[in-house]
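Q: Next comes work15.txt, compact mmCIF, C-alpha atoms:
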```txt
# COMPACT_ATOMS: atom_id res chain seq x y z
CA MET E 126 -1.55 17.05 -4.92
CA THR E 127 -3.40 16.11 -1.73
CA ILE E 128 -5.05 12.92 -0.51
CA LEU E 129 -8.01 14.03 1.61
CA HIS E 130 -8.79 11.62 4.46
CA VAL E 131 -12.25 12.06 6.04
CA ARG E 132 -12.82 9.79 9.01
CA GLU E 133 -14.98 11.78 11.49
CA PRO E 134 -18.33 9.91 11.94
CA GLY E 135 -21.17 12.01 10.56
CA ALA E 136 -18.94 14.24 8.45
CA VAL E 137 -20.28 15.39 5.08
CA VAL E 138 -18.22 16.13 1.97
CA ARG E 139 -19.94 18.92 0.04
CA ARG E 140 -19.35 20.98 -3.07
CA ASP E 141 -18.65 24.66 -2.57
CA ALA E 142 -18.16 26.09 -6.08
CA GLU E 143 -14.88 24.46 -7.20
CA ARG E 144 -13.91 23.37 -3.72
CA LEU E 145 -14.52 20.29 -1.59
CA ARG E 146 -15.78 21.32 1.83
CA VAL E 147 -15.98 18.89 4.74
CA THR E 148 -18.37 19.77 7.57
CA LEU E 149 -19.51 18.15 10.80
CA LYS E 150 -22.57 19.10 12.83
CA ASP E 151 -21.68 20.36 16.29
CA PRO E 152 -23.79 18.29 18.77
CA THR E 153 -24.19 21.28 21.10
CA THR E 154 -25.00 24.16 18.73
CA ARG E 155 -26.34 21.99 15.88
CA HIS E 156 -24.37 24.21 13.49
CA GLN E 157 -22.16 22.81 10.76
CA ARG E 158 -18.48 23.13 11.67
CA GLU E 159 -15.95 23.21 8.82
CA LEU E 160 -13.20 20.58 9.02
CA HIS E 161 -11.55 21.01 5.62
CA ALA E 162 -11.93 23.20 2.56
CA ILE E 163 -9.68 22.60 -0.43
CA PRO E 164 -9.83 23.45 -4.16
CA VAL E 165 -10.71 20.33 -6.12
CA ARG E 166 -7.81 20.98 -8.50
CA ASP E 167 -5.44 20.32 -5.57
CA VAL E 168 -7.00 16.97 -4.65
CA GLU E 169 -5.78 13.70 -6.11
CA GLN E 170 -7.91 11.36 -4.04
CA VAL E 171 -10.61 11.44 -1.36
CA MET E 172 -10.60 8.66 1.25
CA LEU E 173 -13.88 8.19 3.16
CA TYR E 174 -13.98 6.05 6.33
CA GLY E 175 -17.12 4.55 7.81
CA ASN E 176 -20.12 6.79 8.43
CA VAL E 177 -19.11 9.68 6.16
CA GLN E 178 -21.43 11.15 3.53
CA LEU E 179 -20.61 12.41 0.05
CA THR E 180 -23.22 14.66 -1.59
CA THR E 181 -24.27 14.12 -5.19
CA GLN E 182 -22.88 17.52 -6.12
CA ALA E 183 -19.50 16.71 -4.56
CA ALA E 184 -19.45 13.32 -6.30
CA GLU E 185 -20.14 14.97 -9.66
CA LEU E 186 -17.35 17.49 -9.05
CA CYS E 187 -14.89 14.68 -8.23
CA LEU E 188 -15.89 12.73 -11.35
CA ARG E 189 -15.53 15.78 -13.57
CA HIS E 190 -12.04 16.49 -12.25
CA GLN E 191 -11.08 12.80 -12.23
CA VAL E 192 -10.58 12.75 -8.47
CA ASP E 193 -10.81 9.18 -7.22
CA VAL E 194 -13.06 8.59 -4.21
CA ILE E 195 -12.27 5.55 -2.06
CA PHE E 196 -14.82 4.12 0.38
CA ALA E 197 -13.46 2.26 3.41
CA GLY E 198 -14.89 0.85 6.60
CA ALA E 199 -14.35 2.65 9.88
CA MET E 200 -11.35 0.40 10.51
CA GLY E 201 -9.91 1.05 7.06
CA GLY E 202 -11.06 -2.04 5.15
CA TYR E 203 -11.37 -1.32 1.43
CA ARG E 204 -14.99 -1.31 0.15
CA GLY E 205 -14.88 0.27 -3.27
CA ARG E 206 -14.22 3.39 -5.28
CA LEU E 207 -15.98 6.03 -7.34
CA ALA E 208 -14.25 6.76 -10.63
CA ARG E 209 -15.01 7.40 -14.26
CA ASP E 210 -15.54 4.05 -15.94
CA GLY E 211 -14.26 2.63 -19.20
CA SER E 212 -10.73 2.25 -20.56
CA ARG E 213 -8.94 3.69 -23.55
CA TYR E 214 -6.07 1.26 -23.06
CA ALA E 215 -7.31 -1.77 -25.00
CA ARG E 216 -3.86 -2.65 -26.37
CA LEU E 217 -2.29 -2.67 -22.90
CA ARG E 218 -5.07 -4.75 -21.38
CA HIS E 219 -4.95 -7.17 -24.28
CA ALA E 220 -1.22 -7.59 -23.70
CA GLN E 221 -1.89 -8.22 -19.99
CA LEU E 222 -4.36 -10.99 -20.85
CA ARG E 223 -1.99 -12.66 -23.32
CA ARG E 224 0.91 -12.55 -20.88
CA SER E 225 -1.13 -13.89 -17.97
CA ASP E 226 -2.10 -16.89 -20.10
CA ARG E 227 1.53 -17.95 -20.71
CA GLN E 228 3.63 -18.92 -17.70
CA GLN E 229 7.00 -18.12 -19.25
CA LEU E 230 5.92 -14.60 -20.18
CA SER E 231 4.45 -14.10 -16.70
CA LEU E 232 7.69 -15.35 -15.16
CA GLU E 233 9.68 -12.70 -17.04
CA ILE E 234 7.94 -10.01 -14.99
CA ALA E 235 7.17 -12.00 -11.83
CA ALA E 236 10.84 -12.87 -11.19
CA PRO E 237 12.11 -9.26 -11.06
CA LEU E 238 9.05 -8.37 -8.94
CA VAL E 239 10.09 -10.96 -6.35
CA ARG E 240 13.71 -9.80 -6.56
CA ALA E 241 12.51 -6.24 -5.95
CA LYS E 242 10.53 -7.33 -2.88
CA LEU E 243 13.49 -9.26 -1.48
CA ALA E 244 15.71 -6.23 -2.16
CA GLY E 245 13.29 -4.10 -0.14
CA GLN E 246 13.32 -6.58 2.74
CA ARG E 247 17.10 -6.68 2.69
CA TYR E 248 17.24 -2.88 2.61
CA LEU E 249 15.02 -2.55 5.69
CA LEU E 250 16.90 -5.22 7.63
CA ASN E 251 20.18 -3.44 6.94
CA ARG E 252 18.69 -0.06 7.92
CA LEU E 253 17.51 -1.52 11.22
CA THR E 254 20.98 -2.83 12.11
CA GLU E 255 22.01 0.80 12.69
CA GLN E 256 19.33 1.28 15.37
CA VAL E 257 19.56 -1.83 17.56
CA SER E 258 21.94 -3.60 19.94
CA ARG E 259 24.95 -5.54 18.70
CA ASP E 260 23.26 -8.92 19.23
CA SER E 261 20.11 -7.84 17.39
CA ALA E 262 22.20 -6.31 14.63
CA ALA E 263 23.96 -9.64 14.12
CA THR E 264 20.60 -11.41 13.77
CA LEU E 265 19.36 -8.82 11.28
CA HIS E 266 22.59 -8.94 9.29
CA ALA E 267 22.43 -12.74 9.03
CA ALA E 268 18.82 -12.55 7.81
CA ALA E 269 19.69 -9.82 5.30
CA THR E 270 22.54 -11.94 3.93
CA ALA E 271 20.26 -14.98 3.57
CA VAL E 272 17.56 -12.87 1.87
CA GLY E 273 20.25 -11.58 -0.50
CA ARG E 274 21.16 -15.13 -1.47
CA LEU E 275 17.51 -15.91 -2.20
CA GLN E 276 17.35 -12.75 -4.28
CA ALA E 277 20.10 -14.15 -6.51
CA ASP E 278 18.56 -17.64 -6.49
CA THR E 279 15.33 -16.39 -8.07
CA ALA E 280 17.16 -16.42 -11.42
CA ARG E 281 17.00 -20.24 -11.24
CA ALA E 282 13.21 -20.40 -10.87
CA LEU E 283 11.71 -22.12 -13.91
CA THR E 284 8.09 -21.94 -12.80
CA LEU E 285 5.90 -19.45 -10.95
CA ASP E 286 5.44 -21.92 -8.10
CA ALA E 287 9.21 -22.22 -7.68
CA LEU E 288 9.50 -18.43 -7.68
CA ARG E 289 6.78 -18.13 -5.04
CA GLY E 290 8.76 -20.64 -2.99
CA TYR E 291 11.76 -18.29 -2.94
CA GLU E 292 9.47 -15.42 -1.97
CA GLY E 293 7.99 -17.47 0.88
CA LYS E 294 11.42 -18.44 2.22
CA GLY E 295 12.55 -14.84 2.09
CA SER E 296 9.47 -13.62 3.97
CA ALA E 297 9.95 -16.29 6.65
CA LEU E 298 13.55 -15.15 7.23
CA TYR E 299 12.57 -11.50 7.14
CA PHE E 300 9.63 -11.65 9.56
CA GLY E 301 11.57 -14.05 11.77
CA ALA E 302 14.24 -11.38 12.17
CA LEU E 303 11.69 -8.61 12.76
CA ARG E 304 10.06 -10.71 15.49
CA THR E 305 13.27 -10.51 17.56
CA LEU E 306 12.98 -6.71 17.70
CA LEU E 307 9.44 -6.59 19.08
CA HIS E 308 8.68 -6.92 22.79
CA ALA E 309 6.87 -10.11 23.77
CA ASP E 310 3.76 -8.06 24.56
CA TRP E 311 3.22 -7.63 20.82
CA SER E 312 2.70 -11.44 20.58
CA PHE E 313 4.07 -11.35 17.04
CA GLN E 314 5.31 -14.68 15.67
CA THR E 315 5.10 -14.32 11.90
CA ARG E 316 2.98 -12.61 9.25
CA GLN E 317 -0.63 -13.75 9.60
CA TYR E 318 -3.85 -12.28 8.22
CA HIS E 319 -7.55 -13.08 7.66
CA PRO E 320 -7.83 -12.09 10.47
CA PRO E 321 -4.67 -10.61 12.04
CA PRO E 322 -4.26 -12.37 15.41
CA ASP E 323 -2.04 -9.81 17.19
CA PRO E 324 -1.46 -6.03 17.32
CA PHE E 325 1.53 -5.90 14.98
CA ASN E 326 -0.20 -8.01 12.33
CA ALA E 327 -3.21 -5.70 12.69
CA LEU E 328 -0.92 -2.72 12.02
CA LEU E 329 0.56 -4.39 8.95
CA SER E 330 -2.86 -5.32 7.56
CA PHE E 331 -4.19 -1.79 7.95
CA GLY E 332 -1.06 -0.34 6.34
CA TYR E 333 -1.28 -2.76 3.41
CA THR E 334 -4.92 -1.71 2.92
CA LEU E 335 -3.82 1.92 2.60
CA LEU E 336 -1.17 0.88 0.07
CA LEU E 337 -3.61 -1.29 -1.87
CA LYS E 338 -6.15 1.49 -2.40
CA GLU E 339 -3.44 3.80 -3.72
CA MET E 340 -2.01 1.16 -6.04
CA GLU E 341 -5.43 0.28 -7.42
CA THR E 342 -6.07 3.91 -8.28
CA ILE E 343 -2.67 4.21 -9.97
CA ALA E 344 -3.19 1.00 -11.94
CA GLN E 345 -6.45 2.40 -13.28
CA ARG E 346 -4.80 5.72 -14.11
CA VAL E 347 -1.96 4.02 -16.01
CA GLY E 348 -4.48 1.91 -17.91
CA LEU E 349 -3.71 -1.49 -16.38
CA ASP E 350 -6.43 -3.97 -15.46
CA PRO E 351 -6.15 -4.29 -11.65
CA TYR E 352 -7.26 -7.94 -11.75
CA ILE E 353 -4.75 -9.37 -14.24
CA GLY E 354 -1.29 -9.91 -12.76
CA CYS E 355 1.78 -12.03 -13.37
CA LEU E 356 2.98 -13.09 -9.93
CA HIS E 357 -0.37 -13.46 -8.18
CA SER E 358 -2.72 -16.01 -9.69
CA LEU E 359 -6.04 -15.00 -11.19
CA GLU E 360 -8.96 -15.53 -8.83
CA TYR E 361 -12.44 -14.05 -8.65
CA GLY E 362 -12.36 -10.72 -6.83
CA ARG E 363 -8.57 -10.69 -6.35
CA PRO E 364 -6.79 -7.55 -7.68
CA SER E 365 -3.76 -9.61 -8.78
CA LEU E 366 -2.03 -6.80 -10.66
CA VAL E 367 -2.39 -4.45 -7.67
CA LEU E 368 -0.89 -7.11 -5.40
CA ASP E 369 1.99 -7.50 -7.87
CA LEU E 370 2.74 -3.78 -7.77
CA MET E 371 2.47 -3.64 -3.98
CA GLU E 372 5.15 -6.26 -3.32
CA GLU E 373 8.29 -4.15 -3.36
CA PHE E 374 6.60 -1.34 -1.41
CA ARG E 375 5.45 -3.50 1.49
CA PRO E 376 8.85 -3.39 3.23
CA LEU E 377 9.87 0.03 1.89
CA VAL E 378 6.74 1.85 3.05
CA VAL E 379 4.34 -0.12 5.26
CA ASP E 380 6.71 -2.31 7.26
CA TYR E 381 9.07 0.63 7.73
CA ALA E 382 6.28 2.90 9.02
CA MET E 383 4.66 0.31 11.29
CA LEU E 384 8.00 -0.69 12.84
CA ASP E 385 8.71 2.96 13.50
CA LEU E 386 5.46 3.18 15.48
CA ALA E 387 6.10 -0.03 17.39
CA LEU E 388 9.82 0.30 18.11
CA GLY E 389 9.53 4.01 18.89
CA LYS E 390 6.75 3.17 21.37
CA THR E 391 4.34 5.63 19.74
CA LEU E 392 1.92 2.71 19.93
CA GLN E 393 1.95 -0.10 22.47
CA PRO E 394 -0.01 -3.36 22.52
CA LYS E 395 -2.19 -2.13 25.38
CA ASP E 396 -3.48 0.67 23.10
CA PHE E 397 -5.28 -1.85 20.86
CA THR E 398 -8.78 -3.24 21.32
CA PHE E 399 -8.94 -6.98 22.00
CA THR E 400 -12.45 -8.05 21.07
CA GLY E 401 -12.40 -11.76 21.89
CA ARG E 402 -14.09 -12.38 18.53
CA GLY E 403 -12.71 -14.97 16.15
CA ASP E 404 -13.42 -12.92 13.03
CA ARG E 405 -11.59 -9.82 14.29
CA PRO E 406 -9.66 -10.51 17.51
CA VAL E 407 -7.64 -7.26 17.42
CA GLU E 408 -8.77 -3.81 16.29
CA LEU E 409 -6.94 -0.51 16.04
CA GLY E 410 -9.94 1.54 17.08
CA PRO E 411 -10.73 5.19 16.23
CA LYS E 412 -7.93 6.64 18.39
CA LEU E 413 -5.13 4.69 16.73
CA ILE E 414 -6.24 4.93 13.10
CA PRO E 415 -5.25 8.61 12.67
CA LEU E 416 -1.79 7.88 14.10
CA VAL E 417 -1.29 4.96 11.74
CA ILE E 418 -2.50 6.94 8.72
CA ARG E 419 -0.13 9.77 9.62
CA ALA E 420 2.81 7.36 9.90
CA TYR E 421 1.96 5.83 6.53
CA GLU E 422 1.58 9.25 4.90
CA ASN E 423 4.87 10.49 6.35
CA ARG E 424 6.74 7.47 5.05
CA ALA E 425 5.04 7.56 1.64
CA ASN E 426 6.27 11.12 1.29
CA ASP E 427 9.86 10.29 2.21
CA ARG E 428 12.37 10.51 -0.62
CA ILE E 429 14.47 7.64 -1.92
CA ARG E 430 16.88 7.07 -4.77
CA HIS E 431 14.79 5.57 -7.58
CA LYS E 432 17.38 3.60 -9.53
CA PRO E 433 15.45 3.07 -12.80
CA SER E 434 15.23 6.85 -13.26
CA ASP E 435 18.49 7.56 -11.39
CA ALA E 436 16.76 10.34 -9.49
CA GLU E 437 15.58 11.06 -5.98
CA GLN E 438 11.80 10.63 -5.78
CA ARG E 439 9.07 10.54 -3.15
CA LEU E 440 8.12 6.93 -2.46
CA ARG E 441 4.53 7.79 -3.41
CA THR E 442 5.80 9.07 -6.78
CA CYS E 443 7.62 5.76 -7.21
CA TYR E 444 4.26 3.94 -7.05
CA GLU E 445 3.26 5.40 -10.41
CA LEU E 446 6.76 5.22 -11.90
CA GLN E 447 6.83 1.49 -11.18
CA ALA E 448 3.33 0.97 -12.55
CA ARG E 449 4.41 2.62 -15.80
CA ILE E 450 7.54 0.47 -15.97
CA TYR E 451 5.29 -2.56 -15.49
CA ALA E 452 2.99 -1.40 -18.29
CA ARG E 453 5.86 -0.77 -20.71
CA THR E 454 7.31 -4.19 -19.92
CA VAL E 455 3.94 -5.86 -20.54
CA LEU E 456 3.68 -4.09 -23.91
CA GLY E 457 7.22 -5.10 -24.87
CA ASP E 458 8.40 -1.48 -24.99
CA ARG E 459 10.87 -2.21 -22.20
CA ALA E 460 13.18 -5.22 -21.97
CA ARG E 461 12.56 -6.01 -18.31
CA TYR E 462 10.94 -4.81 -15.11
CA GLU E 463 13.28 -3.07 -12.66
CA GLY E 464 12.54 -2.45 -9.00
CA VAL E 465 12.94 0.82 -7.12
CA LEU E 466 16.23 -0.42 -5.70
CA ALA E 467 17.04 -2.27 -8.97
```
Transcribe the structure of this file into structure tokens.
A:
Amino acid sequence: MTILHVREPGAVVRRDAERLRVTLKDPTTRHQRELHAIPVRDVEQVMLYGNVQLTTQAAELCLRHQVDVIFAGAMGGYRGRLARDGSRYARLRHAQLRRSDRQQLSLEIAAPLVRAKLAGQRYLLNRLTEQVSRDSAATLHAAATAVGRLQADTARALTLDALRGYEGKGSALYFGALRTLLHADWSFQTRQYHPPPDPFNALLSFGYTLLLKEMETIAQRVGLDPYIGCLHSLEYGRPSLVLDLMEEFRPLVVDYAMLDLALGKTLQPKDFTFTGRGDRPVELGPKLIPLVIRAYENRANDRIRHKPSDAEQRLRTCYELQARIYARTVLGDRARYEGVLA
């Protein structure tokens, strides 16, 4: 199945029988030039960026075939989605609500979620030790060891706040180690957002947005309510469940892909747009976005050993496998949540 990204300003997604056809008017000839044409049965999701149009006929075709359509800003910020409404999963959503209302039940899922995230951070730190100098490898190894200790310590957390404390300490160690790998020109100190103050944080934020839109779609498909989580608190407009599911994939997919771009010098700080604005000081711009999307897609399609199923799976396949493990745990059909790396 294909995720169709349409980001050319002025492009139009049309219906052509049982196909989705993307066209763009040539400014010289004024004729419509075809960019993509794909059978709708082969499309899992359509991602529209900025000034892209979707015809009514194409929207109806997507709805009929249950193809999710995601609307994003030109810079990738999530705006919303077009999908068939309603839910047949009342029992699952009821169980989510009951669990979210009781801290101990929430902790039973939140703790292994944090352990899974820390395991992913430790995994990436250890992978990076094979690619750097001896001094840098020693720094990464020390951070990985400390993150591993925190991973074990999460078993002692008696409250969600205590658990979040372990997560915060682990992230500080992890990003502190990553900082030592990046050239000073990246100006990266630690993870910061709303808004990202430097190019590497801007990369991470864009990558997490791509991951979020996929996870939200999967949550809906599995039958979970995207707004009712266990680890992330309930707040108006916050997709807490989606953020829960994202945690272990942040280091495994997004951080991995963005570091590959930065350390491999595919992108350099000078390639970014520095606006001087407080609300958005650094932007990727239209030239960088396709490169970042491609890096994310390549990594999401990498294969990894998925320990809960004891099989090699694409990372993108693991998104849904983990969402279903989460759902079965919420329902009580599974004893505990297990991360990709277990």
Q: Hey, what's within 12 Å of E:Asn426 if we count all atoms listed in the file and toss same-chain stuff fewer than 4 positions away? As a PDB file with C-alpha atoms, in the frame of the given file, please?
A:
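Contents of the output file part03.pdb:
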```pdb
ATOM      1  CA  MET E 126      -1.550  17.050  -4.920  1.00  0.00           C
ATOM      2  CA  THR E 127      -3.400  16.110  -1.730  1.00  0.00           C
ATOM      3  CA  ILE E 128      -5.050  12.920  -0.510  1.00  0.00           C
ATOM      4  CA  LEU E 377       9.870   0.030   1.890  1.00  0.00           C
ATOM      5  CA  VAL E 378       6.740   1.850   3.050  1.00  0.00           C
ATOM      6  CA  ALA E 382       6.280   2.900   9.020  1.00  0.00           C
ATOM      7  CA  ARG E 419      -0.130   9.770   9.620  1.00  0.00           C
ATOM      8  CA  ALA E 420       2.810   7.360   9.900  1.00  0.00           C
ATOM      9  CA  TYR E 421       1.960   5.830   6.530  1.00  0.00           C
ATOM     10  CA  GLU E 422       1.580   9.250   4.900  1.00  0.00           C
ATOM     11  CA  GLU E 437      15.580  11.060  -5.980  1.00  0.00           C
ATOM     12  CA  GLN E 438      11.800  10.630  -5.780  1.00  0.00           C
ATOM     13  CA  ARG E 439       9.070  10.540  -3.150  1.00  0.00           C
ATOM     14  CA  LEU E 440       8.120   6.930  -2.460  1.00  0.00           C
ATOM     15  CA  ARG E 441       4.530   7.790  -3.410  1.00  0.00           C
ATOM     16  CA  THR E 442       5.800   9.070  -6.780  1.00  0.00           C
ATOM     17  CA  CYS E 443       7.620   5.760  -7.210  1.00  0.00           C
ATOM     18  CA  TYR E 444       4.260   3.940  -7.050  1.00  0.00           C
TER      19      TYR E 444
END
```
Q: Can you build me a table of stretch 133-243 of chain E residues sitting at most 12 Å from stretch 282-298 of chain E, with the closest atom pair per residue and its distance in Å to one decimal, using all atoms listed in the file, sorted by chain and residue number, as JSON lines?
A:
```
{"residue": "E:Ser225", "atom": "CA", "partner": "E:Leu285", "partner_atom": "CA", "distance": 11.4}
{"residue": "E:Arg227", "atom": "CA", "partner": "E:Leu285", "partner_atom": "CA", "distance": 10.8}
{"residue": "E:Gln228", "atom": "CA", "partner": "E:Leu285", "partner_atom": "CA", "distance": 7.1}
{"residue": "E:Gln229", "atom": "CA", "partner": "E:Thr284", "partner_atom": "CA", "distance": 7.6}
{"residue": "E:Leu230", "atom": "CA", "partner": "E:Leu285", "partner_atom": "CA", "distance": 10.4}
{"residue": "E:Ser231", "atom": "CA", "partner": "E:Leu285", "partner_atom": "CA", "distance": 8.0}
{"residue": "E:Leu232", "atom": "CA", "partner": "E:Leu285", "partner_atom": "CA", "distance": 6.1}
{"residue": "E:Glu233", "atom": "CA", "partner": "E:Leu285", "partner_atom": "CA", "distance": 9.8}
{"residue": "E:Ile234", "atom": "CA", "partner": "E:Leu285", "partner_atom": "CA", "distance": 10.5}
{"residue": "E:Ala235", "atom": "CA", "partner": "E:Leu285", "partner_atom": "CA", "distance": 7.6}
{"residue": "E:Ala236", "atom": "CA", "partner": "E:Leu288", "partner_atom": "CA", "distance": 6.7}
{"residue": "E:Pro237", "atom": "CA", "partner": "E:Leu288", "partner_atom": "CA", "distance": 10.1}
{"residue": "E:Leu238", "atom": "CA", "partner": "E:Glu292", "partner_atom": "CA", "distance": 9.9}
{"residue": "E:Val239", "atom": "CA", "partner": "E:Glu292", "partner_atom": "CA", "distance": 6.3}
{"residue": "E:Arg240", "atom": "CA", "partner": "E:Glu292", "partner_atom": "CA", "distance": 8.4}
{"residue": "E:Ala241", "atom": "CA", "partner": "E:Glu292", "partner_atom": "CA", "distance": 10.5}
{"residue": "E:Lys242", "atom": "CA", "partner": "E:Glu292", "partner_atom": "CA", "distance": 8.2}
{"residue": "E:Leu243", "atom": "CA", "partner": "E:Gly295", "partner_atom": "CA", "distance": 6.7}
```
Q: Restricting the calculation to only C-alpha atoms: of E:Ala184, E:Ile414, E:Ala467, E:Leu179, which residue gets closest to E:Gly332?
A: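 So, comparing all the options, the nearest one is E:Ile414.
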Q: Atom CA of E:Ile418 and atom CA of E:Val168, how far apart in Å?
A: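 These two atoms are separated by 17.3 Å.
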Q: Can you build me a table of stretch 364-435 of chain E residues sitting at most 7 Å from stretch 321-325 of chain E, with the closest atom pair per residue and its distance in Å to one decimal, using all atoms listed in the file, sorted by chain and residue number, as a Markdown table?
A:
```
| residue | atom | partner | partner_atom | distance |
| --- | --- | --- | --- | --- |
| E:Pro394 | CA | E:Pro324 | CA | 6.0 |
| E:Phe397 | CA | E:Pro324 | CA | 6.7 |
| E:Pro406 | CA | E:Pro322 | CA | 6.1 |
| E:Val407 | CA | E:Asp323 | CA | 6.2 |
```
Q: Go ahead and save the picked residues with C-alpha atoms, as a PDB file, in the coordinates of the input.
A:
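Contents of the output file out-v9.pdb:
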```
ATOM      1  CA  PRO E 394      -0.010  -3.360  22.520  1.00  0.00           C
ATOM      2  CA  PHE E 397      -5.280  -1.850  20.860  1.00  0.00           C
ATOM      3  CA  PRO E 406      -9.660 -10.510  17.510  1.00  0.00           C
ATOM      4  CA  VAL E 407      -7.640  -7.260  17.420  1.00  0.00           C
TER       5      VAL E 407
END
```
Q: Which residues are close to E:Pro320, i.e. within 9 Å by all atoms listed in the file, leaving aside same-chain residues fewer than 4 positions away? Reply as a list of chain:residue names.
A: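 The residues that qualify are E:Asn326, E:Ala327, E:Ser330, E:Gly403, E:Asp404, E:Arg405, E:Pro406, E:Val407.
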